[in-house]
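Chemist: Pasting run-v1.cif below, which is mmCIF, C-alpha atoms and all ligand atoms.
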```
data_run
loop_
_atom_site.group_PDB
_atom_site.id
_atom_site.type_symbol
_atom_site.label_atom_id
_atom_site.label_comp_id
_atom_site.auth_asym_id
_atom_site.auth_seq_id
_atom_site.Cartn_x
_atom_site.Cartn_y
_atom_site.Cartn_z
ATOM 1 C CA MET A 867 13.683 -16.682 23.384
ATOM 2 C CA SER A 868 10.521 -14.715 23.581
ATOM 3 C CA VAL A 869 8.791 -12.423 21.124
ATOM 4 C CA VAL A 870 6.800 -9.563 22.573
ATOM 5 C CA ALA A 871 3.990 -7.856 20.698
ATOM 6 C CA TYR A 872 2.096 -4.669 21.495
ATOM 7 C CA TRP A 873 -0.987 -3.321 19.794
ATOM 8 C CA ASN A 874 -2.759 -0.037 20.609
ATOM 9 C CA GLY A 875 -2.276 0.100 24.354
ATOM 10 C CA SER A 876 -1.663 -3.500 25.421
ATOM 11 C CA PHE A 877 0.812 -6.313 25.134
ATOM 12 C CA VAL A 878 -0.759 -9.179 23.166
ATOM 13 C CA GLU A 879 0.234 -12.732 22.298
ATOM 14 C CA PRO A 880 2.279 -12.402 19.063
ATOM 15 C CA GLU A 881 0.183 -15.015 17.211
ATOM 16 C CA GLU A 882 -3.088 -13.705 18.590
ATOM 17 C CA GLY A 883 -2.674 -10.030 17.871
ATOM 18 C CA ARG A 884 -5.375 -9.469 15.241
ATOM 19 C CA LEU A 885 -5.636 -6.313 13.173
ATOM 20 C CA PRO A 886 -9.049 -4.874 12.317
ATOM 21 C CA ILE A 887 -9.742 -5.375 8.615
ATOM 22 C CA ASP A 888 -9.927 -1.605 8.115
ATOM 23 C CA GLU A 889 -6.454 -0.881 9.533
ATOM 24 C CA ARG A 890 -4.899 1.539 7.055
ATOM 25 C CA GLY A 891 -1.425 0.122 7.574
ATOM 26 C CA HIS A 892 -2.366 -3.140 5.932
ATOM 27 C CA GLN A 893 -4.812 -1.684 3.425
ATOM 28 C CA PHE A 894 -2.724 1.227 2.122
ATOM 29 C CA GLY A 895 0.676 0.898 3.786
ATOM 30 C CA ASP A 896 -0.424 4.269 5.203
ATOM 31 C CA GLY A 897 2.103 4.666 7.987
ATOM 32 C CA VAL A 898 5.741 4.785 9.005
ATOM 33 C CA TYR A 899 8.070 2.636 11.093
ATOM 34 C CA GLU A 900 11.332 2.403 12.982
ATOM 35 C CA VAL A 901 13.732 -0.397 13.891
ATOM 36 C CA VAL A 902 16.121 -0.029 16.808
ATOM 37 C CA ARG A 903 18.864 -2.400 17.898
ATOM 38 C CA VAL A 904 19.027 -3.555 21.521
ATOM 39 C CA TYR A 905 22.537 -4.182 22.831
ATOM 40 C CA GLY A 906 22.978 -5.377 26.421
ATOM 41 C CA GLY A 907 19.270 -4.872 27.164
ATOM 42 C CA LYS A 908 19.134 -1.225 26.050
ATOM 43 C CA PRO A 909 18.008 0.440 22.801
ATOM 44 C CA PHE A 910 20.965 1.964 20.896
ATOM 45 C CA LEU A 911 20.637 5.513 19.471
ATOM 46 C CA LEU A 912 16.974 5.610 20.512
ATOM 47 C CA ASP A 913 16.734 9.422 20.490
ATOM 48 C CA MET A 914 17.910 9.545 16.887
ATOM 49 C CA HIS A 915 15.262 6.971 15.929
ATOM 50 C CA LEU A 916 12.561 8.943 17.769
ATOM 51 C CA ASN A 917 13.592 12.139 15.969
ATOM 52 C CA ARG A 918 13.428 10.374 12.606
ATOM 53 C CA LEU A 919 9.983 9.026 13.525
ATOM 54 C CA ASP A 920 8.858 12.619 14.247
ATOM 55 C CA ASP A 921 10.093 13.637 10.789
ATOM 56 C CA SER A 922 8.416 10.723 8.980
ATOM 57 C CA LEU A 923 5.082 11.333 10.741
ATOM 58 C CA ARG A 924 5.170 15.082 10.081
ATOM 59 C CA LEU A 925 5.953 14.519 6.401
ATOM 60 C CA ILE A 926 2.837 12.399 5.846
ATOM 61 C CA GLY A 927 0.533 14.328 8.194
ATOM 62 C CA ILE A 928 0.054 11.837 11.020
ATOM 63 C CA GLU A 929 0.096 13.282 14.514
ATOM 64 C CA ASN A 930 2.633 11.561 16.754
ATOM 65 C CA PRO A 931 0.495 9.721 19.340
ATOM 66 C CA HIS A 932 3.299 9.758 21.938
ATOM 67 C CA THR A 933 5.913 12.070 23.382
ATOM 68 C CA HIS A 934 9.533 10.910 23.352
ATOM 69 C CA ASP A 935 9.222 10.067 27.062
ATOM 70 C CA GLU A 936 6.155 7.918 26.388
ATOM 71 C CA TRP A 937 7.857 6.141 23.477
ATOM 72 C CA THR A 938 10.948 5.554 25.595
ATOM 73 C CA ARG A 939 8.855 4.095 28.440
ATOM 74 C CA LEU A 940 6.925 1.833 26.045
ATOM 75 C CA ILE A 941 10.103 0.585 24.357
ATOM 76 C CA TYR A 942 11.857 -0.079 27.673
ATOM 77 C CA ASP A 943 8.736 -1.865 29.021
ATOM 78 C CA ALA A 944 8.621 -4.038 25.898
ATOM 79 C CA ILE A 945 12.325 -4.927 26.161
ATOM 80 C CA ARG A 946 11.858 -5.776 29.850
ATOM 81 C CA GLU A 947 8.830 -7.918 28.982
ATOM 82 C CA SER A 948 10.871 -9.805 26.343
ATOM 83 C CA ARG A 949 13.833 -10.447 28.709
ATOM 84 C CA GLU A 950 16.016 -10.338 25.600
ATOM 85 C CA SER A 951 19.222 -8.367 25.876
ATOM 86 C CA GLU A 952 20.223 -8.746 22.193
ATOM 87 C CA ALA A 953 17.132 -7.862 20.189
ATOM 88 C CA LEU A 954 15.411 -5.727 17.574
ATOM 89 C CA VAL A 955 12.488 -3.475 18.403
ATOM 90 C CA TYR A 956 10.242 -2.803 15.403
ATOM 91 C CA TRP A 957 7.381 -0.350 15.714
ATOM 92 C CA GLN A 958 4.992 1.354 13.364
ATOM 93 C CA VAL A 959 2.445 4.139 13.464
ATOM 94 C CA THR A 960 -0.391 4.132 10.941
ATOM 95 C CA ARG A 961 -3.143 6.600 10.129
ATOM 96 C CA GLY A 962 -5.554 4.378 12.058
ATOM 97 C CA ILE A 963 -8.681 2.329 11.503
ATOM 98 C CA ALA A 964 -11.466 3.561 9.226
ATOM 99 C CA PRO A 965 -13.604 2.131 6.403
ATOM 100 C CA ARG A 966 -11.409 1.947 3.320
ATOM 101 C CA ALA A 967 -11.304 5.309 1.500
ATOM 102 C CA HIS A 968 -8.271 7.219 0.305
ATOM 103 C CA LEU A 969 -8.964 10.521 2.064
ATOM 104 C CA PHE A 970 -7.537 10.936 5.568
ATOM 105 C CA PRO A 971 -10.074 9.844 8.220
ATOM 106 C CA SER A 972 -10.458 11.682 11.552
ATOM 107 C CA VAL A 973 -9.352 8.826 13.756
ATOM 108 C CA ALA A 974 -6.521 8.140 16.169
ATOM 109 C CA PRO A 975 -3.307 6.641 14.774
ATOM 110 C CA SER A 976 -2.544 2.975 15.497
ATOM 111 C CA VAL A 977 0.654 1.800 17.152
ATOM 112 C CA SER A 978 2.079 -1.691 16.938
ATOM 113 C CA LEU A 979 5.428 -2.927 18.179
ATOM 114 C CA THR A 980 7.411 -6.130 18.463
ATOM 115 C CA VAL A 981 10.602 -7.120 20.244
ATOM 116 C CA ARG A 982 12.430 -10.125 18.817
ATOM 117 C CA PRO A 983 15.697 -11.726 19.815
ATOM 118 C CA PHE A 984 18.384 -10.902 17.292
ATOM 119 C CA SER A 985 21.691 -12.578 16.577
ATOM 120 C CA PRO A 986 23.856 -10.775 14.073
ATOM 121 C CA ASN A 987 24.868 -12.456 10.858
ATOM 122 C CA GLU A 988 28.449 -13.661 11.267
ATOM 123 C CA SER A 989 29.489 -12.869 7.674
ATOM 124 C CA THR A 990 32.386 -10.503 7.257
ATOM 125 C CA SER A 991 31.422 -9.242 3.807
ATOM 126 C CA MET A 992 28.484 -9.134 1.414
ATOM 127 C CA THR A 993 27.780 -9.110 -2.320
ATOM 128 C CA LEU A 994 25.495 -6.734 -4.230
ATOM 129 C CA LEU A 995 23.358 -6.859 -7.361
ATOM 130 C CA ALA A 996 22.964 -3.488 -9.114
ATOM 131 C CA LEU A 997 19.316 -2.812 -9.971
ATOM 132 C CA PRO A 998 17.327 0.171 -11.215
ATOM 133 C CA ASP A 999 15.853 2.151 -8.313
ATOM 134 C CA GLU A 1000 12.152 1.915 -9.128
ATOM 135 C CA ARG A 1001 10.872 3.441 -5.881
ATOM 136 C CA TRP A 1002 8.821 6.602 -5.523
ATOM 137 C CA ALA A 1003 10.619 9.931 -5.171
ATOM 138 C CA ASN A 1004 10.086 10.360 -1.413
ATOM 139 C CA VAL A 1005 12.077 7.487 -0.018
ATOM 140 C CA PHE A 1006 13.442 9.758 2.716
ATOM 141 C CA VAL A 1007 10.127 9.022 4.486
ATOM 142 C CA LYS A 1008 10.499 5.742 6.394
ATOM 143 C CA SER A 1009 7.204 4.550 4.979
ATOM 144 C CA LEU A 1010 5.620 1.122 5.365
ATOM 145 C CA ASN A 1011 5.399 0.897 1.564
ATOM 146 C CA LEU A 1012 8.373 -1.337 0.902
ATOM 147 C CA LEU A 1013 7.191 -3.348 -2.111
ATOM 148 C CA PRO A 1014 9.993 -2.138 -4.441
ATOM 149 C CA ASN A 1015 12.562 -2.803 -1.692
ATOM 150 C CA VAL A 1016 11.139 -6.284 -1.108
ATOM 151 C CA LEU A 1017 11.236 -7.096 -4.848
ATOM 152 C CA ALA A 1018 14.791 -5.767 -5.178
ATOM 153 C CA LYS A 1019 16.062 -7.821 -2.224
ATOM 154 C CA GLU A 1020 14.387 -10.939 -3.655
ATOM 155 C CA ALA A 1021 15.870 -10.278 -7.126
ATOM 156 C CA ALA A 1022 19.308 -9.928 -5.515
ATOM 157 C CA LYS A 1023 18.892 -13.197 -3.646
ATOM 158 C CA ARG A 1024 17.771 -15.028 -6.793
ATOM 159 C CA ALA A 1025 20.885 -13.750 -8.568
ATOM 160 C CA GLY A 1026 23.071 -15.035 -5.729
ATOM 161 C CA ALA A 1027 23.746 -11.655 -4.075
ATOM 162 C CA ASN A 1028 23.036 -10.585 -0.494
ATOM 163 C CA GLU A 1029 21.643 -7.120 -1.187
ATOM 164 C CA ALA A 1030 20.524 -4.879 -4.043
ATOM 165 C CA LEU A 1031 22.451 -1.731 -4.943
ATOM 166 C CA LEU A 1032 19.912 0.715 -6.328
ATOM 167 C CA VAL A 1033 20.779 3.083 -9.174
ATOM 168 C CA ARG A 1034 18.471 5.919 -10.262
ATOM 169 C CA ASP A 1035 19.137 7.781 -13.514
ATOM 170 C CA GLY A 1036 22.763 6.642 -13.557
ATOM 171 C CA ARG A 1037 23.433 7.569 -9.923
ATOM 172 C CA VAL A 1038 23.827 5.190 -7.012
ATOM 173 C CA THR A 1039 21.281 5.806 -4.255
ATOM 174 C CA GLU A 1040 21.429 3.050 -1.575
ATOM 175 C CA GLY A 1041 20.681 -0.597 -0.823
ATOM 176 C CA SER A 1042 17.188 -2.087 -0.499
ATOM 177 C CA SER A 1043 17.542 -1.902 3.298
ATOM 178 C CA SER A 1044 20.923 -0.272 3.839
ATOM 179 C CA ASN A 1045 23.014 2.765 2.905
ATOM 180 C CA ALA A 1046 25.947 2.519 0.488
ATOM 181 C CA TRP A 1047 29.444 3.954 0.889
ATOM 182 C CA PHE A 1048 32.401 4.093 -1.512
ATOM 183 C CA VAL A 1049 36.074 4.788 -0.922
ATOM 184 C CA ARG A 1050 38.465 6.082 -3.545
ATOM 185 C CA GLY A 1051 41.971 6.784 -2.311
ATOM 186 C CA ALA A 1052 41.479 8.538 1.020
ATOM 187 C CA GLN A 1053 38.064 9.907 0.043
ATOM 188 C CA ILE A 1054 34.808 8.393 1.336
ATOM 189 C CA ILE A 1055 31.728 9.021 -0.806
ATOM 190 C CA THR A 1056 28.093 8.481 0.199
ATOM 191 C CA ALA A 1057 24.828 9.738 -1.310
ATOM 192 C CA PRO A 1058 23.505 12.987 0.185
ATOM 193 C CA ALA A 1059 20.526 12.813 2.556
ATOM 194 C CA ASN A 1060 18.020 14.126 0.045
ATOM 195 C CA ARG A 1061 14.651 12.666 -1.071
ATOM 196 C CA PHE A 1062 16.348 9.792 -2.927
ATOM 197 C CA ILE A 1063 17.699 7.899 0.093
ATOM 198 C CA LEU A 1064 16.501 6.917 3.537
ATOM 199 C CA ASN A 1065 18.852 8.734 5.885
ATOM 200 C CA GLY A 1066 19.860 5.739 8.000
ATOM 201 C CA ILE A 1067 20.574 6.184 11.683
ATOM 202 C CA SER A 1068 23.651 4.017 11.133
ATOM 203 C CA ARG A 1069 24.579 6.331 8.230
ATOM 204 C CA ARG A 1070 24.350 9.366 10.540
ATOM 205 C CA PHE A 1071 26.305 7.575 13.257
ATOM 206 C CA THR A 1072 28.960 6.468 10.745
ATOM 207 C CA LEU A 1073 29.315 10.086 9.581
ATOM 208 C CA GLU A 1074 29.971 11.052 13.220
ATOM 209 C CA LEU A 1075 32.595 8.310 13.445
ATOM 210 C CA THR A 1076 34.355 9.538 10.288
ATOM 211 C CA GLN A 1077 34.662 12.958 11.944
ATOM 212 C CA LYS A 1078 36.084 11.465 15.133
ATOM 213 C CA LEU A 1079 38.592 9.464 13.105
ATOM 214 C CA GLY A 1080 39.485 12.437 10.909
ATOM 215 C CA LEU A 1081 38.376 10.685 7.703
ATOM 216 C CA SER A 1082 37.323 12.742 4.733
ATOM 217 C CA VAL A 1083 33.740 12.305 3.403
ATOM 218 C CA THR A 1084 31.961 13.796 0.407
ATOM 219 C CA GLU A 1085 28.179 13.520 0.402
ATOM 220 C CA ARG A 1086 27.381 13.125 -3.277
ATOM 221 C CA ALA A 1087 25.709 10.474 -5.378
ATOM 222 C CA LEU A 1088 28.326 8.283 -7.040
ATOM 223 C CA SER A 1089 27.789 8.040 -10.768
ATOM 224 C CA TRP A 1090 27.322 4.427 -11.896
ATOM 225 C CA ASP A 1091 30.041 5.072 -14.504
ATOM 226 C CA GLU A 1092 32.530 5.633 -11.672
ATOM 227 C CA ILE A 1093 31.925 2.271 -10.040
ATOM 228 C CA SER A 1094 34.999 0.630 -11.561
ATOM 229 C CA THR A 1095 37.208 3.387 -10.094
ATOM 230 C CA VAL A 1096 36.409 2.822 -6.405
ATOM 231 C CA ASP A 1097 38.717 0.872 -4.103
ATOM 232 C CA GLU A 1098 36.326 -0.066 -1.333
ATOM 233 C CA VAL A 1099 32.553 -0.377 -0.877
ATOM 234 C CA PHE A 1100 30.645 -0.894 2.362
ATOM 235 C CA MET A 1101 27.062 -0.842 3.581
ATOM 236 C CA THR A 1102 25.527 0.399 6.835
ATOM 237 C CA GLY A 1103 22.276 -0.395 8.640
ATOM 238 C CA THR A 1104 20.835 -1.133 12.074
ATOM 239 C CA THR A 1105 21.075 -4.905 11.640
ATOM 240 C CA ILE A 1106 24.329 -5.089 9.636
ATOM 241 C CA GLU A 1107 26.194 -2.231 11.382
ATOM 242 C CA ILE A 1108 29.085 -1.608 8.934
ATOM 243 C CA ILE A 1109 29.961 -4.389 6.498
ATOM 244 C CA PRO A 1110 32.386 -4.448 3.545
ATOM 245 C CA VAL A 1111 31.251 -5.461 0.050
ATOM 246 C CA SER A 1112 33.347 -8.034 -1.802
ATOM 247 C CA GLU A 1113 31.625 -7.982 -5.206
ATOM 248 C CA ILE A 1114 29.032 -6.058 -7.223
ATOM 249 C CA MET A 1115 27.152 -7.858 -9.995
ATOM 250 C CA MET A 1116 24.860 -6.654 -12.704
ATOM 251 C CA SER A 1117 22.654 -8.304 -15.292
ATOM 252 C CA THR A 1118 23.263 -7.002 -18.810
ATOM 253 C CA ASN A 1119 19.447 -7.145 -19.193
ATOM 254 C CA THR A 1120 18.991 -4.322 -16.674
ATOM 255 C CA GLN A 1121 22.097 -2.282 -17.577
ATOM 256 C CA LYS A 1122 20.224 0.370 -19.575
ATOM 257 C CA ALA A 1123 17.545 0.679 -16.893
ATOM 258 C CA LEU A 1124 20.217 1.863 -14.446
ATOM 259 C CA TYR A 1125 20.314 5.083 -16.515
ATOM 260 C CA HIS A 1126 16.755 5.311 -17.730
ATOM 261 C CA LEU A 1127 13.717 3.202 -16.807
ATOM 262 C CA PRO A 1128 12.244 1.479 -19.888
ATOM 263 C CA ASP A 1129 8.590 2.146 -20.702
ATOM 264 C CA PHE A 1130 7.835 -1.570 -20.612
ATOM 265 C CA PRO A 1131 9.539 -3.881 -18.145
ATOM 266 C CA THR A 1132 9.943 -7.424 -19.382
ATOM 267 C CA GLY A 1133 9.291 -10.600 -17.385
ATOM 268 C CA ASP A 1134 8.256 -10.555 -13.747
ATOM 269 C CA LEU A 1135 9.682 -7.834 -11.571
ATOM 270 C CA MET A 1136 12.104 -10.063 -9.658
ATOM 271 C CA ASP A 1137 13.624 -11.603 -12.755
ATOM 272 C CA VAL A 1138 16.789 -9.953 -14.050
ATOM 273 C CA GLY A 1139 17.704 -12.795 -16.423
ATOM 274 C CA ASP A 1140 20.928 -14.716 -16.248
ATOM 275 C CA ASN A 1141 23.311 -12.531 -18.235
ATOM 276 C CA MET A 1142 25.139 -11.747 -15.053
ATOM 277 C CA LYS A 1143 28.535 -10.118 -14.926
ATOM 278 C CA THR A 1144 30.805 -8.923 -12.165
ATOM 279 C CA VAL A 1145 31.306 -5.171 -12.434
ATOM 280 C CA TRP A 1146 33.451 -4.601 -9.355
ATOM 281 C CA THR A 1147 35.475 -6.623 -6.865
ATOM 282 C CA ALA A 1148 37.214 -5.386 -3.732
ATOM 283 C CA ARG A 1149 40.811 -4.534 -4.427
ATOM 284 C CA THR A 1150 41.903 -3.529 -0.939
ATOM 285 C CA SER A 1151 41.666 -5.136 2.469
ATOM 286 C CA ASN A 1152 38.675 -2.877 3.289
ATOM 287 C CA ARG A 1153 40.823 -0.817 5.586
ATOM 288 C CA ILE A 1154 38.343 2.071 5.978
ATOM 289 C CA ALA A 1155 35.294 -0.154 6.527
ATOM 290 C CA ARG A 1156 37.205 -2.201 9.104
ATOM 291 C CA GLU A 1157 38.458 0.898 10.893
ATOM 292 C CA LEU A 1158 34.947 2.365 11.007
ATOM 293 C CA HIS A 1159 33.383 -0.899 12.159
ATOM 294 C CA LYS A 1160 35.920 -1.185 14.955
ATOM 295 C CA ALA A 1161 35.062 2.364 16.060
ATOM 296 C CA PHE A 1162 31.358 1.452 15.849
ATOM 297 C CA LEU A 1163 31.848 -1.645 18.023
ATOM 298 C CA ASP A 1164 33.890 0.394 20.530
ATOM 299 C CA GLU A 1165 30.929 2.782 20.842
ATOM 300 C CA VAL A 1166 28.565 -0.164 21.311
ATOM 301 C CA GLU A 1167 30.853 -1.556 24.036
ATOM 302 C CA ARG A 1168 30.860 1.818 25.775
ATOM 303 C CA PHE A 1169 27.062 1.921 25.488
ATOM 304 C CA ARG A 1170 26.729 -1.570 26.962
ATOM 305 C CA HIS A 1171 28.579 -0.446 30.081
ATOM 306 C CA GLN A 1172 27.102 3.038 30.319
ATOM 307 C CA ALA A 1173 23.740 2.338 31.903
ATOM 308 C CA LYS A 1174 22.061 -0.649 33.459
ATOM 309 C CA SER A 1175 20.283 -3.126 31.273
ATOM 310 C CA VAL A 1176 16.515 -3.111 31.715
ATOM 311 C CA VAL A 1177 16.494 -6.879 31.308
ATOM 312 C CA GLY A 1178 16.675 -8.558 34.711
ATOM 313 C CA ARG A 1179 19.083 -11.437 35.092
HETATM 314 N N1 LIG B 1201 17.974 2.523 3.497
HETATM 315 C C1 LIG B 1201 16.839 1.812 3.491
HETATM 316 C C2 LIG B 1201 16.007 1.789 2.258
HETATM 317 C C3 LIG B 1201 16.446 1.083 4.630
HETATM 318 O O1 LIG B 1201 15.310 0.375 4.628
HETATM 319 C C4 LIG B 1201 17.294 1.079 5.765
HETATM 320 C C5 LIG B 1201 16.940 0.264 6.987
HETATM 321 N N2 LIG B 1201 15.697 0.582 7.490
HETATM 322 C C6 LIG B 1201 18.463 1.841 5.730
HETATM 323 C C7 LIG B 1201 18.777 2.546 4.576
HETATM 324 C C8 LIG B 1201 19.377 1.913 6.928
HETATM 325 O O2 LIG B 1201 18.760 2.643 7.958
HETATM 326 P P1 LIG B 1201 19.178 2.434 9.473
HETATM 327 O O3 LIG B 1201 20.629 2.698 9.559
HETATM 328 O O4 LIG B 1201 18.357 3.436 10.209
HETATM 329 O O5 LIG B 1201 18.835 1.021 9.825
#
```
Hey, can you dump this file as structure tokens for me?
Ligand code: PMP

Modeler:
Amino acid sequence: MSVVAYWNGSFVEPEEGRLPIDERGHQFGDGVYEVVRVYGGKPFLLDMHLNRLDDSLRLIGIENPHTHDEWTRLIYDAIRESRESEALVYWQVTRGIAPRAHLFPSVAPSVSLTVRPFSPNESTSMTLLALPDERWANVFVKSLNLLPNVLAKEAAKRAGANEALLVRDGRVTEGSSSNAWFVRGAQIITAPANRFILNGISRRFTLELTQKLGLSVTERALSWDEISTVDEVFMTGTTIEIIPVSEIMMSTNTQKALYHLPDFPTGDLMDVGDNMKTVWTARTSNRIARELHKAFLDEVERFRHQAKSVVGR
């Protein structure tokens, strides 16, 4: 098992890679990132990730320091260096290094990257805690600023759930690090790719799979009031692929905040109190999620055999 780290032009020892104190990524979270899954020694859906990186950088006015060919070479080199065939590549681009001041400096962007071995979680379903979506209104940018997501995931864990289900003004947006899908009858519903969700690469790929399988999808935000009417819920993401939800919980303390954020939050921001209730449980055998996940895994299998692994054996 080896972890590979890269910082501004060279591979470095993961524990020894030191950031300059004035790196804007760690001072302001002033940057964007991507995470790609490596199956069989090759990065899956890399072009889609590189296109999303272009979009994120353009939206916050950072010039992309690399062409797609350069990114591809760097990512393949890093995977080769790691010798890991099942891994995650994480990389970020920040506005660079300059004495701390809010205005954009005229400096080159910074690039850092890691490759880590990854073994998927073996669970076959997950549970969710509904929480108010307290993030800024541009979450379609894959920004480094993940404090609200981090707090929501921690609140979910403390309440005994695996993931948060975020609700903004009475409408379901997404998870803290995943996209949310609902099935009612034969209809699949997922939030539209507007400013209020991060348009996951797995979300886009799942939409392609629904087309191939002839499944019907509506891209609209599910109203929280409709939650009790859905038959199936599942989540998508690079690390979780497609996973069914077995239960959604909510604390009665945060119920109102799902519709309207209160002026004054009470307690610390991870504490939802213990007036927990179950608002939804799966009432089908997750037929759609299972069908889609099978199609997803078939595509991964095809990908594994398509081209040679870059990891030598
Ligand atoms: N939404 C959020 C908020 C996320 O952080 C992620 C994972 N980065 C996703 C959705 C899923 O995106 P992807 O399918 O690209 O992993």

Chemist: Which residue gives the smallest distance to Pro880 of chain A among A:Ser868, A:Gln1121, A:Ser976, A:Ile1109, with only C-alpha atoms counted?

Modeler: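 Smallest separation from Pro880 of chain A among the options: A:Ser868.
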
Chemist: Return as a PyMOL selection string the residues of protein, DNA or RNA that approach ligand LIG 1201 (chain B) to within 8 Å, with only C-alpha atoms and all ligand atoms taken into account.

Modeler: chain A and resi 900-902+915+1005+1008+1015+1040-1045+1063-1070+1102-1105+1107

Chemist: So, with all atoms listed in the file as the atoms that count, which of A:Gln1053, A:Ser1175, A:Gln893, A:Thr933 lies closest to Arg946 of chain A?

Modeler: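 The shortest atom-to-atom distance to Arg946 of chain A comes from A:Ser1175.
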
Chemist: Pick out the residues sitting within 9 Å of segment 1132-1135 of chain A, and hand them over as a compact mmCIF listing (two decimals) with C-alpha atoms, in the coordinates of the input; count all atoms listed in the file, and ignore anything fewer than 5 positions along from it in its own chain.

Modeler:
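And here's part10.txt as it stands now:
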```
# COMPACT_ATOMS: atom_id res chain seq x y z
CA LEU A 1017 11.24 -7.10 -4.85
CA ALA A 1018 14.79 -5.77 -5.18
CA ALA A 1021 15.87 -10.28 -7.13
```

Chemist: Between A:Gly1036, A:Ile1108, A:Ala944, A:Thr1095, which is the closest to Arg1156 of chain A once you count only C-alpha atoms?

Modeler: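 Closest residue, counting only C-alpha atoms: A:Ile1108.
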
Chemist: Rounded to one decimal in Å, what is the spacing between atom CA of Ser1089 of chain A and atom CA of Trp1002 of chain A?

Modeler: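 For atom CA of Ser1089 of chain A relative to atom CA of Trp1002 of chain A, the distance reads 19.7 Å.
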
Chemist: Residues within 6 Å of segment 1055-1060 of chain A, please, as a PyMOL selection string. Count all atoms listed in the file; anything in the same chain fewer than 2 positions from it doesn't count.

Modeler: chain A and resi 1047-1048+1062+1065+1083-1087
